[in-house]
Amino acid sequence: MSFLDNLLCCGRNYPAGNSWGIRLSCRIGRFLAQHHGRVEIAPDARISADARLHAREGQIRIGHRSLVAPGAIVQGNVRIGDDCSIQNYTMLVGYGSSEDDAGLISVGNGVRIAAHGMIVAANHRFDRPDLPIHQQGMQFASIWIGDDVWIGANCCILAGVSIGSGSVIGAGSVVTRDIPPMSIAVGNPAKVIRNRREISRRTTLP
C-alpha cells in the first residue's frame, strides 16, 4: 500500500491537496479504516491509505476536517475531535471496550500531534517479581488531551495523563504527569517551564 499511496499522493507525506490521486487515496484510507467496524469518520476528515486504523474491542471516532497521515497507527478506544492532525508514524493506542472508557484516549479540537509520537493508555503490571511480566496483565488508564494542544515530534504521553487546553509539549518530551492548561512543558520527565498567558501579557505591555 505504501507504493500505491506514494503514487497517488505524488510523494506528499500527508493527504492534503485536492488532486484526484489524493482524493482516491483518502477514499481508500476511509474504506480500509471502516472495513473493520466500530470506526466513525466525519465525511470531511482525511485518512491516508497508508495509515493503520482498527478499533479492536473499542471504538474510534474522528471529527470534521481532521487528518491521519501515512504511517500513523490509531488502535482501540480513541476519540479525535475536529481540525486535528495525527502526523507520520505516530501511534495512538487505546484500550477497553466501547462501553468502558478506562483506557480511552480522548483528543480535543484543533490538536496537532507531530511525527513519531507515542500515546498508549495502558501499562504492563510488574508488581509480582515471582511472575513473568507478560503474565501479569495490563493496567488501563485514560489519556485526555484538551483543545488547541501542540505535541511536538517524538513525544511520549504516558497512561493516565491529562494535558490541558492550549498547552505546548516540546519535541522529545516524556509526559508522566498532568499538564495544566496553557502550559509550555519540555523534558524527560516533562516539566512546565512557562505559561502562555504570561508570554501574552509581556508582549502586549507598552
# chains A, B, ... in the order shown; residues from 1 in each chain; ligands from 1
>>> residues_around(residues="Ile143 (chain A)", least_positions_apart="5", cutoff="10 Å", atoms="only C-alpha atoms", output="number ranges by chain")
A: 78, 94, 102-107, 119-122, 157-163, 178
>>> residues_around(residues="region 166-176 of chain A", least_positions_apart="5", cutoff="12 Å", atoms="only C-alpha atoms", output="number ranges by chain")
A: 108-121, 143, 145-161, 181-197
>>> residues_around(residues="Glu99 (chain A)", least_positions_apart="2", cutoff="12 Å", atoms="only C-alpha atoms", output="list in words")
Glu57, Gly58, Gln59, Asn77, Tyr95, Gly96, Ser97, Asp101, Ala102, Gly103 and Leu104 of chain A
>>> select_by_dssp(residues="region 2-190 of chain A", states="alpha helix (DSSP H)", output="ChimeraX atom specification")
/A:2-8,20-35
>>> residues_around(residues="Ile47 (chain A)", least_positions_apart="3", cutoff="9 Å", atoms="only C-alpha atoms", output="list in words")
Tyr14, Pro15, Ser25, Cys26, Arg27, Ile28, Gly29, Arg30, Ala33, Ile41, Asp50, Ala51, Ser66, Leu67, Val68, Ala69 and Pro70 of chain A
>>> write_last_selection(atoms="N, CA, C and O atoms", output="short mmCIF file (atom, residue, chain, number, x, y, z; two decimals), in the first residue's frame")
data_model
loop_
_atom_site.label_atom_id
_atom_site.label_comp_id
_atom_site.auth_asym_id
_atom_site.auth_seq_id
_atom_site.Cartn_x
_atom_site.Cartn_y
_atom_site.Cartn_z
N TYR A 14 1.49 13.68 3.55
CA TYR A 14 0.20 13.74 4.24
C TYR A 14 -0.88 13.96 3.19
O TYR A 14 -0.62 14.50 2.12
N PRO A 15 -2.12 13.53 3.49
CA PRO A 15 -3.18 13.57 2.46
C PRO A 15 -3.84 14.93 2.32
O PRO A 15 -5.04 15.08 2.48
N SER A 25 -6.77 8.30 -2.67
CA SER A 25 -6.04 7.75 -1.53
C SER A 25 -6.85 7.87 -0.24
O SER A 25 -6.92 6.92 0.55
N CYS A 26 -7.49 9.03 -0.05
CA CYS A 26 -8.31 9.23 1.15
C CYS A 26 -9.53 8.33 1.15
O CYS A 26 -9.96 7.85 2.22
N ARG A 27 -10.11 8.08 -0.01
CA ARG A 27 -11.25 7.16 -0.08
C ARG A 27 -10.83 5.75 0.29
O ARG A 27 -11.54 5.04 1.00
N ILE A 28 -9.66 5.35 -0.21
CA ILE A 28 -9.15 4.02 0.13
C ILE A 28 -8.87 3.93 1.63
O ILE A 28 -9.21 2.94 2.28
N GLY A 29 -8.24 4.99 2.17
CA GLY A 29 -7.96 5.01 3.61
C GLY A 29 -9.21 4.93 4.45
O GLY A 29 -9.26 4.20 5.45
N ARG A 30 -10.24 5.65 4.06
CA ARG A 30 -11.53 5.60 4.78
C ARG A 30 -12.14 4.21 4.71
O ARG A 30 -12.61 3.67 5.71
N ALA A 33 -10.20 1.76 6.91
CA ALA A 33 -10.42 2.02 8.34
C ALA A 33 -11.79 1.54 8.79
O ALA A 33 -11.93 0.92 9.85
N ILE A 41 -15.94 8.13 11.00
CA ILE A 41 -15.07 9.17 10.44
C ILE A 41 -15.95 10.25 9.81
O ILE A 41 -16.82 9.95 8.98
N ASP A 50 -2.24 4.77 3.73
CA ASP A 50 -1.09 4.12 4.35
C ASP A 50 -1.13 4.22 5.88
O ASP A 50 -0.16 3.86 6.54
N ALA A 51 -2.23 4.70 6.46
CA ALA A 51 -2.41 4.68 7.92
C ALA A 51 -3.01 3.34 8.33
O ALA A 51 -3.54 2.60 7.50
N SER A 66 -10.32 16.60 10.26
CA SER A 66 -9.12 16.03 10.87
C SER A 66 -8.37 15.17 9.85
O SER A 66 -8.92 14.74 8.83
N LEU A 67 -7.09 14.93 10.15
CA LEU A 67 -6.20 14.28 9.19
C LEU A 67 -5.36 13.23 9.91
O LEU A 67 -4.83 13.48 10.99
N VAL A 68 -5.27 12.05 9.30
CA VAL A 68 -4.38 11.00 9.79
C VAL A 68 -3.39 10.68 8.68
O VAL A 68 -3.77 10.23 7.60
N ALA A 69 -2.12 10.93 8.92
CA ALA A 69 -1.09 10.89 7.89
C ALA A 69 -0.58 9.48 7.64
O ALA A 69 -0.84 8.55 8.42
N PRO A 70 0.18 9.29 6.56
CA PRO A 70 0.75 7.97 6.26
C PRO A 70 1.61 7.44 7.41
O PRO A 70 2.37 8.18 8.03
#
>>> atom_distance(atom1="CA of Pro180 (chain A)", atom2="CA of Ser142 (chain A)")
16.5 Å
>>> select_by_dssp(residues="region 17-205 of chain A", states="strand (DSSP E or B)", output="MDAnalysis selection string")
chainID A and resid 39:41 46:47 52:54 60:62 67:68 73:75 78:80 85:86 91:93 95 103 105:107 112:113 118:120 122:124 138:140 143:145 150:151 156:157 162:163 168:169 174:175 179 183:186 191:195
>>> closest_residue(among="A:His134, A:Arg38, A:His64, A:Arg128", to="Ser98 (chain A)", atoms="only C-alpha atoms")
A:Arg38
>>> closest_residue(among="A:Leu131, A:Trp144, A:Ala49, A:Ile22", to="Arg79 (chain A)", atoms="only C-alpha atoms")
A:Trp144
>>> atom_distance(atom1="CA of Asp83 (chain A)", atom2="CA of Gly63 (chain A)")
7.2 Å
>>> residues_around(residues="Arg56 (chain A)", least_positions_apart="2", cutoff="7 Å", atoms="only C-alpha atoms", output="ChimeraX atom specification")
/A:54,58,75-76
>>> closest_residue(among="A:Gly21, A:Ile80, A:Asn123, A:Ile86", to="Arg52 (chain A)", atoms="only C-alpha atoms")
A:Ile86
>>> closest_residue(among="A:Pro132, A:Gly137, A:Gly81, A:Gly71", to="Ser48 (chain A)", atoms="only C-alpha atoms")
A:Gly71
